[in-house]
>>> print(open('final21.cif').read())   # mmCIF, C-alpha atoms and all ligand atoms
data_protein
loop_
_atom_site.label_atom_id
_atom_site.label_comp_id
_atom_site.auth_asym_id
_atom_site.auth_seq_id
_atom_site.Cartn_x
_atom_site.Cartn_y
_atom_site.Cartn_z
CA MET Z 1176 204.14 146.20 64.50
CA LEU Z 1177 204.75 143.33 66.88
CA ASN Z 1178 206.64 143.99 70.09
CA LYS Z 1179 208.53 140.73 70.08
CA PRO Z 1180 210.52 139.41 73.07
CA HIS Z 1181 213.88 137.73 72.42
CA GLN Z 1182 212.93 134.78 74.58
CA LEU Z 1183 209.83 132.81 75.46
CA ILE Z 1184 209.34 132.87 79.22
CA ASP Z 1185 206.33 131.29 80.90
CA ALA Z 1186 204.39 132.35 84.00
CA PHE Z 1187 206.75 130.32 86.23
CA GLY Z 1188 209.87 131.98 84.86
CA ARG Z 1189 210.92 129.00 82.73
CA THR Z 1190 212.50 129.79 79.37
CA VAL Z 1191 211.20 127.72 76.46
CA ASP Z 1192 213.98 127.17 73.94
CA TYR Z 1193 213.16 123.66 72.71
CA ILE Z 1194 210.29 122.50 70.49
CA ARG Z 1195 209.25 119.01 69.50
CA LEU Z 1196 207.27 118.91 66.32
CA SER Z 1197 205.29 115.88 65.21
CA ILE Z 1198 205.13 115.88 61.42
CA THR Z 1199 202.76 112.93 61.05
CA ASP Z 1200 200.50 110.79 63.20
CA ARG Z 1201 201.20 107.85 60.91
CA CYS Z 1202 203.66 105.16 61.81
CA ASP Z 1203 204.78 101.91 60.22
CA PHE Z 1204 204.81 100.31 63.69
CA ARG Z 1205 201.94 99.90 66.16
CA CYS Z 1206 203.80 99.67 69.49
CA THR Z 1207 201.45 98.26 72.11
CA TYR Z 1208 202.23 100.92 74.73
CA CYS Z 1209 201.91 103.78 72.24
CA MET Z 1210 198.90 102.99 70.05
CA GLY Z 1211 195.70 101.04 70.06
CA GLU Z 1212 195.47 98.03 67.75
CA GLU Z 1213 193.07 99.72 65.35
CA MET Z 1214 194.20 103.24 64.65
CA SER Z 1215 192.54 105.65 62.30
CA PHE Z 1216 194.86 108.32 61.02
CA LEU Z 1217 194.07 111.92 60.19
CA PRO Z 1218 193.02 112.94 56.69
CA ARG Z 1219 195.73 114.79 54.83
CA ASP Z 1220 194.17 118.27 54.98
CA GLU Z 1221 193.98 118.08 58.78
CA VAL Z 1222 197.73 117.59 58.99
CA LEU Z 1223 200.19 120.48 58.74
CA SER Z 1224 201.84 120.72 55.34
CA LEU Z 1225 205.62 120.61 55.44
CA GLU Z 1226 205.66 124.30 54.48
CA GLU Z 1227 203.41 125.05 57.47
CA CYS Z 1228 205.76 123.02 59.68
CA ALA Z 1229 208.66 125.15 58.44
CA ARG Z 1230 206.72 128.37 59.16
CA ILE Z 1231 206.00 127.25 62.71
CA VAL Z 1232 209.63 126.34 63.35
CA LYS Z 1233 210.79 129.65 61.90
CA ALA Z 1234 208.39 131.57 64.17
CA PHE Z 1235 209.67 129.75 67.25
CA VAL Z 1236 213.29 130.26 66.21
CA SER Z 1237 212.62 133.99 65.88
CA LEU Z 1238 211.56 133.84 69.56
CA GLY Z 1239 214.80 132.30 70.75
CA VAL Z 1240 214.12 128.58 70.29
CA SER Z 1241 217.40 126.90 69.38
CA LYS Z 1242 216.65 123.19 69.65
CA VAL Z 1243 214.19 121.44 67.36
CA ARG Z 1244 213.23 117.77 67.50
CA ILE Z 1245 211.29 116.29 64.62
CA THR Z 1246 209.16 113.39 65.70
CA GLY Z 1247 205.86 111.67 65.01
CA GLY Z 1248 204.26 109.12 64.47
CA GLU Z 1249 207.23 107.99 62.48
CA PRO Z 1250 208.72 111.16 61.00
CA LEU Z 1251 210.65 109.34 58.30
CA VAL Z 1252 207.54 107.79 56.74
CA ARG Z 1253 206.27 111.27 55.86
CA LYS Z 1254 206.83 111.90 52.15
CA ASN Z 1255 209.53 114.56 51.56
CA ALA Z 1256 210.34 114.76 55.27
CA ILE Z 1257 213.97 115.36 54.30
CA TRP Z 1258 212.96 118.67 52.69
CA LEU Z 1259 211.79 119.91 56.08
CA PHE Z 1260 214.98 118.76 57.79
CA GLU Z 1261 216.96 120.66 55.15
CA GLU Z 1262 214.89 123.83 55.62
CA ILE Z 1263 215.31 123.76 59.40
CA GLY Z 1264 218.99 122.88 59.07
CA LYS Z 1265 219.45 126.13 57.11
CA MET Z 1266 217.77 128.36 59.73
CA SER Z 1267 220.30 130.44 61.57
CA GLY Z 1268 219.47 130.25 65.25
CA VAL Z 1269 218.93 126.49 65.20
CA ARG Z 1270 221.77 125.14 67.30
CA GLU Z 1271 220.51 121.57 67.51
CA LEU Z 1272 218.33 119.79 65.00
CA VAL Z 1273 217.53 116.29 66.23
CA THR Z 1274 215.03 113.55 65.55
CA THR Z 1275 213.37 110.56 67.18
CA THR Z 1276 212.68 107.59 64.94
CA ASN Z 1277 211.88 103.91 65.12
CA GLY Z 1278 214.85 103.32 62.82
CA SER Z 1279 212.94 101.46 60.13
CA GLN Z 1280 213.78 104.00 57.40
CA LEU Z 1281 217.31 104.88 58.44
CA GLU Z 1282 218.99 102.52 56.03
CA GLN Z 1283 217.70 104.71 53.20
CA GLN Z 1284 217.60 108.10 54.93
CA ALA Z 1285 220.48 108.35 57.42
CA GLU Z 1286 222.82 109.96 54.88
CA ALA Z 1287 220.28 112.63 53.89
CA LEU Z 1288 219.57 113.42 57.55
CA LYS Z 1289 223.26 113.89 58.18
CA GLN Z 1290 223.59 116.14 55.12
CA ALA Z 1291 220.59 118.19 56.30
CA GLY Z 1292 222.43 119.02 59.52
CA VAL Z 1293 220.74 116.65 61.96
CA LYS Z 1294 223.02 116.47 65.01
CA ARG Z 1295 221.63 113.55 66.96
CA ILE Z 1296 219.27 110.64 66.42
CA ASN Z 1297 217.25 108.84 69.07
CA ILE Z 1298 216.19 105.39 67.96
CA SER Z 1299 213.49 103.47 69.79
CA LEU Z 1300 214.39 99.86 70.54
CA ASP Z 1301 212.50 97.78 73.06
CA SER Z 1302 213.77 94.27 72.35
CA LEU Z 1303 216.62 92.40 70.70
CA ASN Z 1304 214.54 89.30 70.23
CA ASN Z 1305 212.89 89.01 66.80
CA ALA Z 1306 209.61 87.49 67.91
CA ARG Z 1307 209.27 89.77 70.87
CA PHE Z 1308 210.13 92.84 68.81
CA LYS Z 1309 207.36 91.88 66.45
CA ALA Z 1310 204.92 91.35 69.33
CA ILE Z 1311 205.67 94.76 70.87
CA THR Z 1312 205.59 96.69 67.59
CA ARG Z 1313 202.82 94.44 66.22
CA VAL Z 1314 204.35 94.71 62.72
CA GLY Z 1315 207.99 95.83 62.94
CA GLU Z 1316 211.08 93.95 61.82
CA LEU Z 1317 214.01 94.00 64.21
CA GLU Z 1318 216.57 93.30 61.46
CA LYS Z 1319 215.53 96.41 59.58
CA VAL Z 1320 216.01 98.57 62.67
CA LEU Z 1321 219.40 97.00 63.41
CA ARG Z 1322 220.47 97.76 59.85
CA GLY Z 1323 219.18 101.30 60.35
CA ILE Z 1324 221.37 101.73 63.44
CA GLN Z 1325 224.41 100.55 61.49
CA ALA Z 1326 223.56 102.93 58.62
CA ALA Z 1327 223.36 105.87 61.03
CA LYS Z 1328 226.72 104.95 62.53
CA LYS Z 1329 228.25 104.54 59.09
CA VAL Z 1330 227.30 108.04 57.91
CA GLY Z 1331 228.91 109.50 61.01
CA PHE Z 1332 226.23 109.91 63.66
CA ASP Z 1333 228.44 109.36 66.68
CA ASN Z 1334 225.93 110.19 69.39
CA ILE Z 1335 223.06 107.86 68.75
CA LYS Z 1336 220.80 107.12 71.69
CA LEU Z 1337 218.41 104.22 72.05
CA ASN Z 1338 215.07 104.84 73.75
CA THR Z 1339 213.64 101.87 75.58
CA VAL Z 1340 210.31 101.43 77.33
CA LEU Z 1341 210.41 98.42 79.66
CA MET Z 1342 207.20 96.59 80.45
CA ARG Z 1343 206.68 94.04 83.20
CA GLY Z 1344 206.62 90.47 81.91
CA ILE Z 1345 207.10 91.63 78.34
CA ASN Z 1346 210.67 92.88 77.95
CA ASP Z 1347 211.92 93.76 81.44
CA ASP Z 1348 214.12 90.65 81.44
CA GLU Z 1349 216.13 92.20 78.58
CA THR Z 1350 217.42 95.20 80.53
CA LEU Z 1351 221.01 93.96 80.75
CA GLU Z 1352 221.07 92.66 77.19
CA LEU Z 1353 219.96 96.04 75.87
CA VAL Z 1354 222.60 97.81 77.96
CA GLN Z 1355 225.29 95.43 76.69
CA PHE Z 1356 224.14 96.04 73.12
CA ALA Z 1357 224.52 99.81 73.64
CA ILE Z 1358 228.00 99.30 75.12
CA ASP Z 1359 229.06 97.06 72.22
CA GLN Z 1360 227.74 99.56 69.70
CA LYS Z 1361 229.35 102.51 71.56
CA ILE Z 1362 226.03 104.31 71.77
CA ASP Z 1363 223.86 105.56 74.64
CA ILE Z 1364 220.57 104.22 75.94
CA SER Z 1365 217.72 105.84 77.86
CA PHE Z 1366 215.02 104.02 79.75
CA ILE Z 1367 211.67 105.81 79.61
CA GLU Z 1368 209.05 104.91 82.18
CA GLU Z 1369 205.77 104.00 80.52
CA MET Z 1370 203.36 106.92 80.65
CA PRO Z 1371 199.54 106.74 80.70
CA ILE Z 1372 199.14 108.56 77.41
CA GLY Z 1373 196.40 107.27 75.13
CA ASP Z 1374 194.02 104.39 75.80
CA VAL Z 1375 195.88 101.19 74.89
CA ASN Z 1376 194.95 97.52 75.19
CA HIS Z 1377 196.54 96.92 78.59
CA GLN Z 1378 196.37 98.38 82.10
CA ARG Z 1379 199.41 100.63 82.51
CA ASN Z 1380 199.65 99.70 86.16
CA ASP Z 1381 200.21 96.02 85.29
CA SER Z 1382 203.11 96.69 82.93
CA PHE Z 1383 204.80 99.59 84.69
CA VAL Z 1384 208.47 99.16 85.60
CA SER Z 1385 210.01 101.99 87.59
CA ASN Z 1386 213.40 103.38 86.68
CA THR Z 1387 214.47 102.93 90.30
CA GLU Z 1388 214.14 99.19 89.71
CA THR Z 1389 215.83 99.36 86.29
CA LEU Z 1390 218.78 101.29 87.74
CA SER Z 1391 219.22 98.68 90.51
CA THR Z 1392 219.13 95.87 87.96
CA ILE Z 1393 221.83 97.54 85.86
CA GLN Z 1394 223.98 98.33 88.90
CA THR Z 1395 224.15 94.63 89.78
CA ALA Z 1396 226.04 94.02 86.54
CA TYR Z 1397 227.80 97.26 85.57
CA PRO Z 1398 229.82 99.70 87.64
CA MET Z 1399 228.45 103.15 86.89
CA THR Z 1400 228.98 106.67 88.10
CA SER Z 1401 226.28 109.28 88.26
CA SER Z 1402 226.96 111.81 85.53
CA SER Z 1403 226.49 115.54 85.84
CA LEU Z 1404 225.58 115.66 82.15
CA ASN Z 1405 222.54 117.81 81.63
CA THR Z 1406 221.15 117.91 78.12
CA GLY Z 1407 218.42 120.32 79.15
CA GLY Z 1408 215.94 117.47 79.23
CA PRO Z 1409 214.35 115.31 81.89
CA ALA Z 1410 216.90 112.47 81.72
CA ARG Z 1411 219.30 111.72 84.57
CA TYR Z 1412 222.49 110.12 83.24
CA TRP Z 1413 224.92 107.51 84.49
CA GLN Z 1414 228.26 106.70 82.87
CA VAL Z 1415 229.09 103.02 82.48
CA GLU Z 1416 232.68 102.70 83.65
CA ASN Z 1417 235.30 101.73 81.06
CA SER Z 1418 232.92 102.41 78.23
CA SER Z 1419 231.69 105.37 76.23
CA THR Z 1420 228.06 104.51 77.00
CA LYS Z 1421 225.84 106.72 79.09
CA ILE Z 1422 222.57 105.42 80.45
CA GLY Z 1423 219.70 107.87 80.79
CA PHE Z 1424 216.62 107.51 82.96
CA ILE Z 1425 213.51 109.43 82.08
CA SER Z 1426 211.28 108.97 85.07
CA PRO Z 1427 208.11 111.03 84.87
CA HIS Z 1428 206.55 109.08 87.76
CA SER Z 1429 209.33 108.88 90.31
CA HIS Z 1430 211.09 112.10 89.49
CA ASN Z 1431 209.20 115.25 88.76
CA PHE Z 1432 211.29 117.20 86.30
CA CYS Z 1433 208.76 119.90 85.49
CA GLU Z 1434 210.48 122.73 87.32
CA ALA Z 1435 213.19 122.79 84.66
CA CYS Z 1436 210.87 122.19 81.68
CA ASN Z 1437 212.16 124.11 78.67
CA ARG Z 1438 209.95 122.67 75.93
CA VAL Z 1439 206.62 122.69 74.19
CA ARG Z 1440 205.19 120.28 71.64
CA ILE Z 1441 203.39 120.85 68.39
CA SER Z 1442 201.18 118.06 67.11
CA CYS Z 1443 200.87 117.18 63.45
CA LYS Z 1444 197.53 119.04 63.50
CA GLY Z 1445 199.23 122.23 64.61
CA GLU Z 1446 198.08 122.04 68.22
CA LEU Z 1447 200.61 123.69 70.45
CA TYR Z 1448 200.67 121.60 73.63
CA LEU Z 1449 202.26 123.38 76.53
CA CYS Z 1450 202.81 120.13 78.49
CA LEU Z 1451 203.02 116.47 77.43
CA GLY Z 1452 200.91 115.41 80.40
CA GLN Z 1453 198.17 118.06 80.28
CA GLU Z 1454 195.57 119.14 77.77
CA ASP Z 1455 196.41 122.88 77.70
CA LYS Z 1456 196.89 123.88 74.09
CA ILE Z 1457 196.30 126.46 71.43
CA GLU Z 1458 195.47 125.78 67.78
CA LEU Z 1459 198.05 127.13 65.37
CA MET Z 1460 196.60 125.74 62.14
CA PRO Z 1461 193.67 128.20 61.83
CA ILE Z 1462 196.07 131.08 62.42
CA LEU Z 1463 198.50 129.78 59.79
CA ARG Z 1464 195.75 129.28 57.24
CA ALA Z 1465 194.03 132.62 57.92
CA HIS Z 1466 197.33 134.48 57.46
CA PRO Z 1467 199.27 132.66 54.75
CA ASN Z 1468 201.63 135.59 54.11
CA ASN Z 1469 201.96 137.15 57.53
CA ASP Z 1470 203.68 135.42 60.45
CA GLU Z 1471 202.91 138.10 63.04
CA PRO Z 1472 199.60 136.58 64.28
CA LEU Z 1473 201.36 133.22 64.61
CA ILE Z 1474 204.23 134.75 66.56
CA GLN Z 1475 201.79 136.65 68.80
CA ALA Z 1476 199.82 133.45 69.53
CA ILE Z 1477 203.03 131.67 70.52
CA ILE Z 1478 204.03 134.53 72.83
CA ASP Z 1479 200.54 134.52 74.41
CA SER Z 1480 200.59 130.74 74.90
CA MET Z 1481 203.33 131.08 77.50
CA SER Z 1482 200.77 132.30 80.03
CA ILE Z 1483 198.95 128.93 79.98
CA LYS Z 1484 201.95 126.59 80.25
CA PRO Z 1485 201.03 124.42 83.26
CA LYS Z 1486 203.29 124.06 86.26
CA GLY Z 1487 203.64 120.34 85.72
CA HIS Z 1488 202.18 117.04 84.61
CA ASP Z 1489 200.23 114.73 86.82
CA PHE Z 1490 200.58 111.10 85.84
CA ASP Z 1491 198.73 108.63 88.05
CA LEU Z 1492 198.80 104.96 87.11
CA GLN Z 1493 195.96 104.08 89.46
CA ARG Z 1494 193.53 106.17 87.49
CA ALA Z 1495 190.99 104.18 85.45
CA THR Z 1496 191.34 106.47 82.43
CA PRO Z 1497 194.58 107.75 80.93
CA ALA Z 1498 195.96 111.09 82.13
CA VAL Z 1499 195.86 112.28 78.56
CA VAL Z 1500 193.57 110.66 76.01
CA ARG Z 1501 195.46 111.57 72.86
CA PHE Z 1502 198.06 109.05 71.72
CA MET Z 1503 201.77 109.75 71.93
CA SER Z 1504 201.94 109.31 68.14
CA HIS Z 1505 199.63 112.30 67.80
CA THR Z 1506 201.48 114.72 70.09
CA GLY Z 1507 204.90 113.42 69.24
CA GLY Z 1508 207.19 111.70 71.73
N1 LIG Z 1601 208.21 106.77 65.74
C1 LIG Z 1601 209.27 107.38 66.49
C2 LIG Z 1601 209.84 106.39 67.48
O1 LIG Z 1601 209.45 105.24 67.49
O2 LIG Z 1601 210.75 106.78 68.21
C3 LIG Z 1601 208.93 108.69 67.17
C4 LIG Z 1601 207.63 108.81 67.90
S1 LIG Z 1601 207.47 107.83 69.35
C5 LIG Z 1601 205.87 108.34 69.90
C6 LIG Z 1601 208.62 108.62 70.43
C7 LIG Z 1601 208.98 107.91 71.69
O3 LIG Z 1601 207.85 107.86 72.53
C8 LIG Z 1601 209.44 106.49 71.51
O4 LIG Z 1601 210.72 106.34 72.09
C9 LIG Z 1601 208.43 105.66 72.28
O5 LIG Z 1601 209.04 104.57 72.90
C10 LIG Z 1601 207.92 106.66 73.28
N2 LIG Z 1601 206.59 106.37 73.79
C11 LIG Z 1601 205.45 106.21 73.10
N3 LIG Z 1601 204.40 105.99 73.92
C12 LIG Z 1601 204.89 106.00 75.18
C13 LIG Z 1601 204.33 105.85 76.47
N4 LIG Z 1601 203.04 105.63 76.63
N5 LIG Z 1601 205.16 105.93 77.54
C14 LIG Z 1601 206.48 106.18 77.38
N6 LIG Z 1601 207.06 106.34 76.19
C15 LIG Z 1601 206.30 106.26 75.10
#
>>> encode(input="final21.cif", output="structure tokens")
Amino acid sequence: MLNKPHQLIDAFGRTVDYIRLSITDRCDFRCTYCMGEEMSFLPRDEVLSLEECARIVKAFVSLGVSKVRITGGEPLVRKNAIWLFEEIGKMSGVRELVTTTNGSQLEQQAEALKQAGVKRINISLDSLNNARFKAITRVGELEKVLRGIQAAKKVGFDNIKLNTVLMRGINDDETLELVQFAIDQKIDISFIEEMPIGDVNHQRNDSFVSNTETLSTIQTAYPMTSSSLNTGGPARYWQVENSSTKIGFISPHSHNFCEACNRVRISCKGELYLCLGQEDKIELMPILRAHPNNDEPLIQAIIDSMSIKPKGHDFDLQRATPAVVRFMSHTGG
């Protein structure tokens, strides 16, 4: 019989109560900072089934995890993804079920996500200019995403957050426009510094825009106060005065947030990554498949993994090769 702790605590005393699960490596966009131009995707049998995803989430929840983010790839292009959201939504112990999406499928799926118990949606949006949006995503349609945002608002998601990656000479001149859009839509926006994850077709150092610079740019136009809001994540928030909009800054380069890290990631192949910026992992898929009717080995492996969670990431833009070679779409953002 398993001697199961109530909480997952790593070697540095950090409690892990948040998982991010990538349910597919496939995406209908090919964002230039996230993927290479030619991507080959995993064959179906190398990807966790939705039932296996549910088993993994259930195991983590039994160990005290209360926040679950479903991501990808693009989670909403996975067939029957809504089934998984519904299953997780029913698990007692899940306090927050959230998702990160590019918004392209929200027009059709926002209602079902709401019904399944999804509390918050993060929608990636890097430009409000049609041609530029297409250039960054290589294939995406801005109008579709804008309609997706409206659909999410309409079904009652009142805490939508945009995620924006600014790149030098590509979209960094849109900072204020994107902030104004968030204010007008009464939603929040977070700026994520570009991370050297996956080998893409540009030098990260050339495109990198620091959040220190982005914050200064925004402060020239909007009065803001630093917010004490702590969502348990790496973002630092500012409140735009006279508006409901909060602006988040996720700054893995300029601000090391690892000491408070409360999360682990599971790739669509069932690799449990203990840190986004390091390669330490354990493989859950062989355990799941060897023990289809017994979750104890899975739970034990998760407990044991806590001893290899690294102290922190180590992103260095000067490096010739990426810090982590796998793509963000594989691990899940
Ligand atoms: N398809 C969904 C989406 O577009 O939001 C979910 C997956 S995507 C990998 C999750 C987030 O990771 C997106 O907000 C994206 O902008 C961000 N992202 C991807 N690659 C990144 C990188 N190299 N640096 C910083 N953020 C990145």
>>> closest_atom_pairs(input="final21.cif", of="chain Z", to="ligand LIG 1601 (chain Z)", cutoff="6 Å", atoms="only C-alpha atoms and all ligand atoms", output="Markdown table")
| residue | atom | partner | partner_atom | distance |
| --- | --- | --- | --- | --- |
| Z:Tyr1208 | CA | Z:LIG1601 | N4 | 5.1 |
| Z:Cys1209 | CA | Z:LIG1601 | N3 | 3.7 |
| Z:Thr1246 | CA | Z:LIG1601 | C3 | 4.9 |
| Z:Gly1247 | CA | Z:LIG1601 | C4 | 4.4 |
| Z:Gly1248 | CA | Z:LIG1601 | N1 | 4.8 |
| Z:Glu1249 | CA | Z:LIG1601 | N1 | 3.6 |
| Z:Thr1275 | CA | Z:LIG1601 | O2 | 4.7 |
| Z:Thr1276 | CA | Z:LIG1601 | C1 | 3.8 |
| Z:Asn1277 | CA | Z:LIG1601 | O1 | 3.6 |
| Z:Ile1298 | CA | Z:LIG1601 | O2 | 5.6 |
| Z:Ser1299 | CA | Z:LIG1601 | O2 | 4.6 |
| Z:Asn1338 | CA | Z:LIG1601 | O4 | 4.9 |
| Z:Thr1339 | CA | Z:LIG1601 | O5 | 6.0 |
| Z:Val1340 | CA | Z:LIG1601 | O5 | 5.6 |
| Z:Ile1367 | CA | Z:LIG1601 | C14 | 5.7 |
| Z:Glu1368 | CA | Z:LIG1601 | C14 | 5.6 |
| Z:Glu1369 | CA | Z:LIG1601 | N5 | 3.6 |
| Z:Met1370 | CA | Z:LIG1601 | N5 | 3.7 |
| Z:Pro1371 | CA | Z:LIG1601 | N4 | 5.5 |
| Z:Ile1372 | CA | Z:LIG1601 | N4 | 4.9 |
| Z:Met1503 | CA | Z:LIG1601 | C5 | 4.8 |
| Z:Ser1504 | CA | Z:LIG1601 | C5 | 4.4 |
| Z:Gly1507 | CA | Z:LIG1601 | C5 | 5.2 |
| Z:Gly1508 | CA | Z:LIG1601 | C6 | 3.6 |
>>> residues_around(input="final21.cif", residues="Ile1263 in chain Z", least_positions_apart="6", cutoff="8 Å", atoms="only C-alpha atoms", output="ChimeraX atom specification")
/Z:1229,1232-1233,1269,1272
>>> atom_distance(input="final21.cif", atom1="CA of Asp1470 in chain Z", atom2="CA of Ile1441 in chain Z")
16.6 Å
>>> residues_around(input="final21.cif", residues="Cys1206 in chain Z", least_positions_apart="6", cutoff="10 Å", atoms="only C-alpha atoms", output="PDB file with C-alpha atoms, in the coordinates of the input")
ATOM      1  CA  GLU Z1212     195.470  98.030  67.750  1.00  0.00           C
ATOM      2  CA  ASP Z1301     212.500  97.780  73.060  1.00  0.00           C
ATOM      3  CA  PHE Z1308     210.130  92.840  68.810  1.00  0.00           C
ATOM      4  CA  LYS Z1309     207.360  91.880  66.450  1.00  0.00           C
ATOM      5  CA  ALA Z1310     204.920  91.350  69.330  1.00  0.00           C
ATOM      6  CA  ILE Z1311     205.670  94.760  70.870  1.00  0.00           C
ATOM      7  CA  THR Z1312     205.590  96.690  67.590  1.00  0.00           C
ATOM      8  CA  ARG Z1313     202.820  94.440  66.220  1.00  0.00           C
ATOM      9  CA  VAL Z1314     204.350  94.710  62.720  1.00  0.00           C
ATOM     10  CA  GLY Z1315     207.990  95.830  62.940  1.00  0.00           C
ATOM     11  CA  VAL Z1375     195.880 101.190  74.890  1.00  0.00           C
ATOM     12  CA  SER Z1504     201.940 109.310  68.140  1.00  0.00           C
TER      13      SER Z1504
END
>>> residues_around(input="final21.cif", residues="Asp1220 in chain Z", least_positions_apart="4", cutoff="12 Å", atoms="only C-alpha atoms", output="list in words")
Thr1199, Phe1216, Ser1224, Leu1225, Glu1227, Cys1443, Lys1444, Gly1445, Met1460 and Arg1464 of chain Z
>>> atom_distance(input="final21.cif", atom1="CA of His1488 in chain Z", atom2="CA of Lys1456 in chain Z")
13.6 Å
>>> residues_around(input="final21.cif", residues="Arg1189 in chain Z", least_positions_apart="2", cutoff="7 Å", atoms="all atoms listed in the file", output="number ranges by chain")
Z: 1184-1185, 1187, 1191, 1435-1437
>>> write_last_selection(input="final21.cif", atoms="C-alpha atoms", output="JSON list (two decimals), in the frame of the given file")
[["chain", "number", "residue", "atom", "x", "y", "z"],
["Z", 1184, "ILE", "CA", 209.34, 132.87, 79.22],
["Z", 1185, "ASP", "CA", 206.33, 131.29, 80.90],
["Z", 1187, "PHE", "CA", 206.75, 130.32, 86.23],
["Z", 1191, "VAL", "CA", 211.20, 127.72, 76.46],
["Z", 1435, "ALA", "CA", 213.19, 122.79, 84.66],
["Z", 1436, "CYS", "CA", 210.87, 122.19, 81.68],
["Z", 1437, "ASN", "CA", 212.16, 124.11, 78.67]]
>>> residues_around(input="final21.cif", residues="Arg1253 in chain Z", least_positions_apart="2", cutoff="8 Å", atoms="all atoms listed in the file", output="PyMOL selection string")
chain Z and resi 1198-1199+1201+1249-1251+1255-1256
>>> closest_residue(input="final21.cif", among="Z:Thr1392, Z:Lys1486, Z:Gln1290, Z:Leu1447", to="Glu1434 in chain Z", atoms="only C-alpha atoms")
Z:Lys1486
>>> closest_residue(input="final21.cif", among="Z:Met1214, Z:Leu1449, Z:Leu1390, Z:Ala1285", to="Lys1484 in chain Z", atoms="all atoms listed in the file")
Z:Leu1449
>>> residues_near_point(input="final21.cif", point="(201.9, 132.1, 64.2)", cutoff="9 Å", atoms="all atoms listed in the file", output="list in words")
Arg1230, Ile1231, Ala1234, Phe1235, Leu1459, Met1460, Ile1462, Leu1463, His1466, Asn1469, Asp1470, Glu1471, Pro1472, Leu1473, Ile1474, Gln1475, Ala1476 and Ile1477 of chain Z
>>> closest_residue(input="final21.cif", among="Z:Phe1424, Z:Val1293, Z:Leu1303, Z:Gly1344", to="Ile1364 in chain Z", atoms="all atoms listed in the file")
Z:Phe1424
>>> atom_distance(input="final21.cif", atom1="CA of Gly1211 in chain Z", atom2="CA of His1377 in chain Z")
9.5 Å
>>> closest_residue(input="final21.cif", among="Z:Leu1300, Z:Gly1323, Z:Pro1398, Z:Leu1404", to="Glu1416 in chain Z", atoms="only C-alpha atoms")
Z:Pro1398
>>> closest_residue(input="final21.cif", among="Z:Asn1376, Z:Leu1451, Z:Tyr1193, Z:Gly1423", to="Met1210 in chain Z", atoms="all atoms listed in the file")
Z:Asn1376
>>> closest_residue(input="final21.cif", among="Z:Ser1279, Z:Asn1405, Z:Gln1182, Z:Thr1274", to="Leu1238 in chain Z", atoms="only C-alpha atoms")
Z:Gln1182
>>> build_atoms(input="final21.cif", residues="range 1440-1451 of chain Z", atoms="N, CA and C atoms", output="CSV table (one decimal), keeping the file's coordinate frame")
chain,number,residue,atom,x,y,z
Z,1440,ARG,N,205.4,121.2,72.7
Z,1440,ARG,CA,205.2,120.3,71.6
Z,1440,ARG,C,204.1,120.8,70.7
Z,1441,ILE,N,204.4,120.5,69.4
Z,1441,ILE,CA,203.4,120.8,68.4
Z,1441,ILE,C,203.0,119.6,67.7
Z,1442,SER,N,201.7,119.3,67.7
Z,1442,SER,CA,201.2,118.1,67.1
Z,1442,SER,C,201.1,118.2,65.6
Z,1443,CYS,N,200.9,117.1,64.9
Z,1443,CYS,CA,200.9,117.2,63.4
Z,1443,CYS,C,199.6,117.9,63.0
Z,1444,LYS,N,198.7,118.2,63.9
Z,1444,LYS,CA,197.5,119.0,63.5
Z,1444,LYS,C,197.8,120.5,63.8
Z,1445,GLY,N,198.9,120.8,64.3
Z,1445,GLY,CA,199.2,122.2,64.6
Z,1445,GLY,C,198.7,122.6,66.0
Z,1446,GLU,N,198.5,121.7,66.8
Z,1446,GLU,CA,198.1,122.0,68.2
Z,1446,GLU,C,199.4,122.3,69.0
Z,1447,LEU,N,199.4,123.4,69.6
Z,1447,LEU,CA,200.6,123.7,70.4
Z,1447,LEU,C,200.3,123.2,71.9
Z,1448,TYR,N,200.9,122.1,72.3
Z,1448,TYR,CA,200.7,121.6,73.6
Z,1448,TYR,C,201.7,122.1,74.5
Z,1449,LEU,N,201.3,122.7,75.6
Z,1449,LEU,CA,202.3,123.4,76.5
Z,1449,LEU,C,202.9,122.4,77.5
Z,1450,CYS,N,202.3,121.2,77.6
Z,1450,CYS,CA,202.8,120.1,78.5
Z,1450,CYS,C,202.4,118.8,77.9
Z,1451,LEU,N,203.3,117.8,78.0
Z,1451,LEU,CA,203.0,116.5,77.4
Z,1451,LEU,C,201.9,115.8,78.2
